[in-house]
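Colleague: My file is target27.cif. It has mmCIF, C-alpha atoms:
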data_work
#
loop_
_atom_site.label_atom_id
_atom_site.label_comp_id
_atom_site.auth_asym_id
_atom_site.auth_seq_id
_atom_site.Cartn_x
_atom_site.Cartn_y
_atom_site.Cartn_z
CA MET A 25 11.30 -7.65 2.47
CA PRO A 26 12.69 -4.18 1.54
CA SER A 27 10.60 -2.18 -0.90
CA GLU A 28 11.11 0.79 -3.19
CA PRO A 29 11.48 3.95 -1.09
CA PHE A 30 8.55 6.34 -1.35
CA GLU A 31 9.72 9.94 -1.66
CA ARG A 32 7.95 12.07 -4.28
CA VAL A 33 5.73 10.12 -6.66
CA SER A 34 3.53 11.40 -9.52
CA GLY A 35 0.93 9.50 -11.48
CA VAL A 36 -2.68 8.97 -12.43
CA ILE A 37 -5.20 8.37 -9.67
CA ALA A 38 -8.07 5.94 -10.20
CA ALA A 39 -11.35 6.34 -8.35
CA LEU A 40 -13.08 3.35 -6.76
CA PRO A 41 -15.70 5.24 -4.77
CA SER A 42 -17.37 2.29 -3.01
CA ALA A 43 -17.08 1.82 0.76
CA ASN A 44 -16.15 -1.46 2.49
CA ILE A 45 -14.10 -2.94 -0.37
CA ASP A 46 -12.81 -6.06 1.36
CA THR A 47 -9.71 -8.15 0.82
CA ASP A 48 -11.75 -10.91 -0.84
CA VAL A 49 -12.51 -8.41 -3.60
CA ILE A 50 -8.98 -6.97 -3.69
CA MET A 51 -7.35 -10.42 -3.85
CA PRO A 52 -9.67 -13.47 -4.23
CA LYS A 53 -8.74 -16.62 -2.29
CA THR A 54 -7.70 -18.45 -5.49
CA PHE A 55 -4.51 -16.38 -5.47
CA LEU A 56 -3.51 -17.14 -1.88
CA LYS A 57 -1.77 -20.43 -2.64
CA GLY A 58 1.71 -19.01 -3.12
CA ILE A 59 3.92 -17.20 -0.63
CA ASP A 60 6.64 -16.11 -3.07
CA ARG A 61 4.80 -12.83 -3.76
CA SER A 62 4.87 -13.32 -7.53
CA GLY A 63 2.14 -13.00 -10.14
CA LEU A 64 -0.33 -11.31 -7.84
CA GLU A 65 -0.92 -8.36 -10.18
CA LYS A 66 -3.18 -10.70 -12.17
CA GLY A 67 -5.23 -11.49 -9.07
CA LEU A 68 -5.79 -7.87 -8.12
CA PHE A 69 -9.55 -7.14 -8.26
CA HIS A 70 -9.69 -10.26 -10.42
CA ASP A 71 -13.46 -10.74 -10.40
CA LEU A 72 -13.99 -7.07 -11.25
CA ARG A 73 -11.29 -6.97 -13.94
CA PHE A 74 -12.09 -10.28 -15.69
CA ASP A 75 -15.28 -12.05 -16.71
CA GLU A 76 -15.98 -15.78 -16.32
CA GLN A 77 -14.08 -16.52 -19.56
CA GLY A 78 -11.02 -14.57 -18.43
CA ALA A 79 -11.61 -11.60 -20.73
CA LEU A 80 -11.07 -8.05 -19.48
CA ARG A 81 -14.20 -6.26 -18.37
CA GLN A 82 -13.95 -3.04 -20.35
CA ASP A 83 -16.16 -1.12 -17.93
CA PHE A 84 -13.82 -1.55 -14.95
CA VAL A 85 -11.73 1.54 -14.35
CA LEU A 86 -8.35 -0.21 -14.00
CA ASN A 87 -8.87 -1.82 -17.42
CA GLN A 88 -9.18 1.58 -19.13
CA ALA A 89 -6.51 4.07 -20.18
CA PRO A 90 -5.09 6.06 -18.48
CA TRP A 91 -6.15 4.33 -15.24
CA ASN A 92 -4.58 1.01 -16.26
CA THR A 93 -1.26 2.63 -15.29
CA SER A 94 -2.50 4.25 -12.09
CA ALA A 95 -0.03 4.90 -9.31
CA PHE A 96 -2.76 5.83 -6.84
CA LEU A 97 -6.27 4.83 -5.79
CA VAL A 98 -8.88 6.96 -4.06
CA THR A 99 -11.64 4.94 -2.54
CA GLY A 100 -14.43 4.78 0.00
CA ALA A 101 -14.28 4.25 3.74
CA ASN A 102 -13.11 1.05 5.45
CA PHE A 103 -10.96 -0.07 2.52
CA GLY A 104 -9.26 -3.43 3.08
CA CYS A 105 -11.78 -4.84 5.55
CA GLY A 106 -12.38 -8.60 5.78
CA SER A 107 -9.65 -11.18 6.17
CA SER A 108 -6.08 -10.21 6.97
CA ARG A 109 -4.50 -11.59 3.78
CA GLU A 110 -1.25 -9.74 3.07
CA HIS A 111 -1.53 -10.88 -0.55
CA ALA A 112 -3.97 -8.01 -1.10
CA VAL A 113 -1.24 -5.46 -0.46
CA TRP A 114 1.32 -7.43 -2.47
CA GLY A 115 -1.07 -7.47 -5.45
CA LEU A 116 -1.66 -3.73 -5.26
CA ARG A 117 2.09 -3.07 -5.22
CA GLN A 118 2.77 -5.48 -8.09
CA PHE A 119 0.08 -3.76 -10.15
CA GLY A 120 1.97 -0.49 -9.62
CA ILE A 121 -0.15 1.17 -6.93
CA ARG A 122 2.06 3.29 -4.64
CA ALA A 123 -0.58 4.95 -2.46
CA ILE A 124 -4.25 4.65 -1.51
CA ILE A 125 -6.28 7.54 -0.18
CA ALA A 126 -9.48 6.76 1.71
CA ARG A 127 -11.61 8.13 4.51
CA SER A 128 -10.56 5.10 6.59
CA PHE A 129 -8.90 1.68 6.36
CA ALA A 130 -9.31 -1.65 8.14
CA GLY A 131 -6.65 -1.86 10.84
CA ILE A 132 -4.72 -4.96 9.74
CA PHE A 133 -4.75 -3.87 6.11
CA PHE A 134 -3.46 -0.43 7.16
CA ASP A 135 -0.52 -2.03 9.00
CA ASN A 136 0.18 -4.42 6.11
CA CYS A 137 0.48 -1.41 3.81
CA ALA A 138 3.32 0.19 5.77
CA ARG A 139 5.18 -3.13 6.03
CA ASN A 140 5.08 -3.55 2.25
CA GLY A 141 5.87 -0.09 0.93
CA LEU A 142 2.28 0.99 0.21
CA LEU A 143 1.34 4.44 1.50
CA ALA A 144 -2.17 4.48 3.00
CA ILE A 145 -3.49 7.99 3.63
CA GLU A 146 -6.56 8.63 5.76
CA ALA A 147 -8.04 11.86 4.44
CA GLU A 148 -10.94 14.15 5.19
CA GLU A 149 -14.15 13.61 3.26
CA GLU A 150 -13.64 16.80 1.22
CA THR A 151 -10.13 15.72 0.18
CA VAL A 152 -11.45 12.31 -0.86
CA ARG A 153 -14.21 14.01 -2.88
CA GLN A 154 -11.75 16.28 -4.69
CA LEU A 155 -9.38 13.40 -5.44
CA THR A 156 -12.30 11.34 -6.72
CA GLU A 157 -13.04 14.14 -9.18
CA CYS A 158 -9.35 14.17 -10.19
CA GLY A 159 -9.58 10.44 -10.76
CA GLU A 160 -12.69 10.70 -12.88
CA ARG A 161 -10.98 13.31 -15.07
CA GLY A 162 -7.82 11.23 -15.40
CA ASP A 163 -5.68 13.87 -13.71
CA LYS A 164 -2.20 13.20 -12.47
CA ILE A 165 -1.39 14.02 -8.88
CA THR A 166 1.86 14.15 -6.91
CA ILE A 167 2.43 12.90 -3.39
CA ASP A 168 5.46 14.23 -1.54
CA LEU A 169 5.85 12.05 1.53
CA ALA A 170 8.65 14.06 3.15
CA ALA A 171 6.56 17.24 2.89
CA GLN A 172 3.32 15.30 3.54
CA THR A 173 1.50 16.97 0.66
CA LEU A 174 -0.96 15.93 -2.05
CA GLU A 175 -0.63 18.10 -5.14
CA THR A 176 -3.42 18.34 -7.73
CA VAL A 177 -4.15 20.75 -10.56
CA ARG A 178 -6.36 22.65 -8.11
CA GLY A 179 -3.88 23.05 -5.26
CA VAL A 180 -2.00 21.39 -2.47
CA ALA A 181 -3.38 19.66 0.62
CA GLY A 182 -1.51 18.25 3.58
CA PHE A 183 -1.96 14.86 5.18
CA GLY A 184 -1.00 13.23 8.47
CA ILE A 185 1.10 10.13 9.00
CA GLY A 186 2.84 8.57 12.00
CA GLU A 187 6.59 9.19 12.21
CA ARG A 188 7.52 5.48 12.28
CA ARG A 189 5.30 4.68 9.29
CA LYS A 190 6.69 7.67 7.37
CA TYR A 191 10.29 6.68 8.09
CA MET A 192 9.69 3.07 6.97
CA LEU A 193 8.16 4.22 3.67
CA LEU A 194 10.81 6.87 2.98
CA LYS A 195 13.59 4.32 3.54
CA GLY A 196 11.82 1.34 1.95
CA LEU A 197 12.12 -0.70 5.14
CA ASP A 198 9.91 -3.41 6.58
CA ALA A 199 9.91 -4.49 10.25
CA VAL A 200 12.98 -6.71 9.73
CA GLY A 201 14.82 -3.88 7.99
CA MET A 202 13.98 -1.54 10.85
CA THR A 203 15.39 -4.04 13.37
CA LEU A 204 18.55 -4.59 11.33
CA GLN A 205 19.37 -0.91 11.63
CA TRP A 206 20.31 -1.80 15.22
CA ARG A 207 22.37 -4.80 14.16
CA THR A 208 25.66 -3.56 15.64
CA GLU A 209 24.04 -2.76 18.99
CA ILE A 210 22.22 -6.13 19.01
CA GLU A 211 25.43 -8.05 18.27
CA THR A 212 27.37 -6.06 20.90
CA PHE A 213 24.71 -6.86 23.50
CA GLN A 214 24.60 -10.52 22.45
CA SER A 215 28.37 -10.85 22.71
CA ARG A 216 28.49 -9.19 26.14
CA TYR A 217 25.48 -11.11 27.47
CA LEU A 218 26.64 -14.52 26.28
CA GLY A 219 30.25 -13.76 27.28
CA ALA A 220 29.09 -13.46 30.89
CA ARG A 221 26.86 -16.54 30.59
CA ALA A 222 28.93 -19.05 28.62
CA TRP A 223 26.53 -21.88 29.47
CA LEU A 224 23.91 -20.23 27.24
CA ALA A 225 26.11 -19.96 24.14
#
Would you mind writing the file out in structure tokens?
Modeller:
Amino acid sequence: MPSEPFERVSGVIAALPSANIDTDVIMPKTFLKGIDRSGLEKGLFHDLRFDEQGALRQDFVLNQAPWNTSAFLVTGANFGCGSSREHAVWGLRQFGIRAIIARSFAGIFFDNCARNGLLAIEAEEETVRQLTECGERGDKITIDLAAQTLETVRGVAGFGIGERRKYMLLKGLDAVGMTLQWRTEIETFQSRYLGARAWLA
């Protein structure tokens, strides 16, 4: 499914400094029943955001202004570990999160991010520490994907990203969208191949 292209995005960054935040925490299993990708913003961090009666927990960062409109998260190492549920990434996007910065990510979660328009940045420990401080102050930051920079009130830092992942995010393409860019070539090959092998058509 195509997503909103990521070019230059500014917004508040929320700090969730714990390590090993797994997908059960990001998106509890109760919200895995649907595959239409709707309504998952309510499930995001559900057990941290809501109490047993369904009321907002006022002490959770994403329930407080200005972090309730955060565009970014900075978090601890191994974010997104646990089960491979893609719903976790869908929920983050539906909540409005455009990028997550962490020391490291679980592999499947990291790949799910790129396929669903969510920028996952693996950063050095010092960068994570500085962004955590920005988050705690409620600072806005800007991420320029084309330039591969993170801009804060204290300066600019670069970040690395694979060329394929960067291209997908800049264009708002998933794996199907990437393949369809070669549609003309695929159809030309198909026509030529089946034309010479009519028994396969």
Colleague: Expand the PyMOL selection byres ((chain A and resi 133) around 12) into the explicit residue set it covers here, and present it as a ChimeraX atom specification.
Modeller: /A:45-47,50,102-114,116,124,128-132,134-140,142-144
Colleague: Please compute the atom CA of A:Glu31-atom CA of A:Val177 distance, one decimal, in Å.
Modeller: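 Atom-to-atom, atom CA of A:Glu31 and atom CA of A:Val177 are spaced 19.7 Å apart.
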Colleague: For a test of reading the model, state the distance in Å between atom CA of A:Ile37 and atom CA of A:Lys164, rounded to one decimal.
Modeller: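 Taking atom CA of A:Ile37 as the start and atom CA of A:Lys164 as the end point, the length is 6.3 Å.
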Colleague: So what do you get for atom CA of A:Lys195 versus atom CA of A:Ala126, distance-wise?
Modeller: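 That distance, rounded to one decimal, is 23.3 Å.
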Colleague: Running the PyMOL selection byres ((chain A and resi 146-159) around 10) on this model by hand, what would come out? Give it as a JSON list (two decimals) with C-alpha atoms, keeping the file's coordinate frame.
Modeller:
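Output saved as out_25.json:
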[["chain", "number", "residue", "atom", "x", "y", "z"],
["A", 36, "VAL", "CA", -2.68, 8.97, -12.43],
["A", 37, "ILE", "CA", -5.20, 8.37, -9.67],
["A", 38, "ALA", "CA", -8.07, 5.94, -10.20],
["A", 39, "ALA", "CA", -11.35, 6.34, -8.35],
["A", 40, "LEU", "CA", -13.08, 3.35, -6.76],
["A", 41, "PRO", "CA", -15.70, 5.24, -4.77],
["A", 85, "VAL", "CA", -11.73, 1.54, -14.35],
["A", 90, "PRO", "CA", -5.09, 6.06, -18.48],
["A", 91, "TRP", "CA", -6.15, 4.33, -15.24],
["A", 94, "SER", "CA", -2.50, 4.25, -12.09],
["A", 96, "PHE", "CA", -2.76, 5.83, -6.84],
["A", 97, "LEU", "CA", -6.27, 4.83, -5.79],
["A", 98, "VAL", "CA", -8.88, 6.96, -4.06],
["A", 99, "THR", "CA", -11.64, 4.94, -2.54],
["A", 100, "GLY", "CA", -14.43, 4.78, 0.00],
["A", 101, "ALA", "CA", -14.28, 4.25, 3.74],
["A", 124, "ILE", "CA", -4.25, 4.65, -1.51],
["A", 125, "ILE", "CA", -6.28, 7.54, -0.18],
["A", 126, "ALA", "CA", -9.48, 6.76, 1.71],
["A", 127, "ARG", "CA", -11.61, 8.13, 4.51],
["A", 128, "SER", "CA", -10.56, 5.10, 6.59],
["A", 129, "PHE", "CA", -8.90, 1.68, 6.36],
["A", 134, "PHE", "CA", -3.46, -0.43, 7.16],
["A", 143, "LEU", "CA", 1.34, 4.44, 1.50],
["A", 144, "ALA", "CA", -2.17, 4.48, 3.00],
["A", 145, "ILE", "CA", -3.49, 7.99, 3.63],
["A", 160, "GLU", "CA", -12.69, 10.70, -12.88],
["A", 161, "ARG", "CA", -10.98, 13.31, -15.07],
["A", 162, "GLY", "CA", -7.82, 11.23, -15.40],
["A", 163, "ASP", "CA", -5.68, 13.87, -13.71],
["A", 164, "LYS", "CA", -2.20, 13.20, -12.47],
["A", 165, "ILE", "CA", -1.39, 14.02, -8.88],
["A", 174, "LEU", "CA", -0.96, 15.93, -2.05],
["A", 175, "GLU", "CA", -0.63, 18.10, -5.14],
["A", 176, "THR", "CA", -3.42, 18.34, -7.73],
["A", 177, "VAL", "CA", -4.15, 20.75, -10.56],
["A", 178, "ARG", "CA", -6.36, 22.65, -8.11],
["A", 181, "ALA", "CA", -3.38, 19.66, 0.62],
["A", 182, "GLY", "CA", -1.51, 18.25, 3.58],
["A", 183, "PHE", "CA", -1.96, 14.86, 5.18],
["A", 184, "GLY", "CA", -1.00, 13.23, 8.47],
["A", 185, "ILE", "CA", 1.10, 10.13, 9.00]]
Colleague: Pick out the residues sitting within 7 Å of A:Leu197, and hand them over as number ranges by chain; count only C-alpha atoms, and ignore anything fewer than 3 positions along from it in its own chain.
Modeller: A: 26-27, 192-193, 201-202
Colleague: A:Arg221, A:His70, A:Arg207, A:Arg122: which is nearest A:Leu169, counting all atoms listed in the file?
Modeller: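 Under the stated criterion, the closest residue is A:Arg122.
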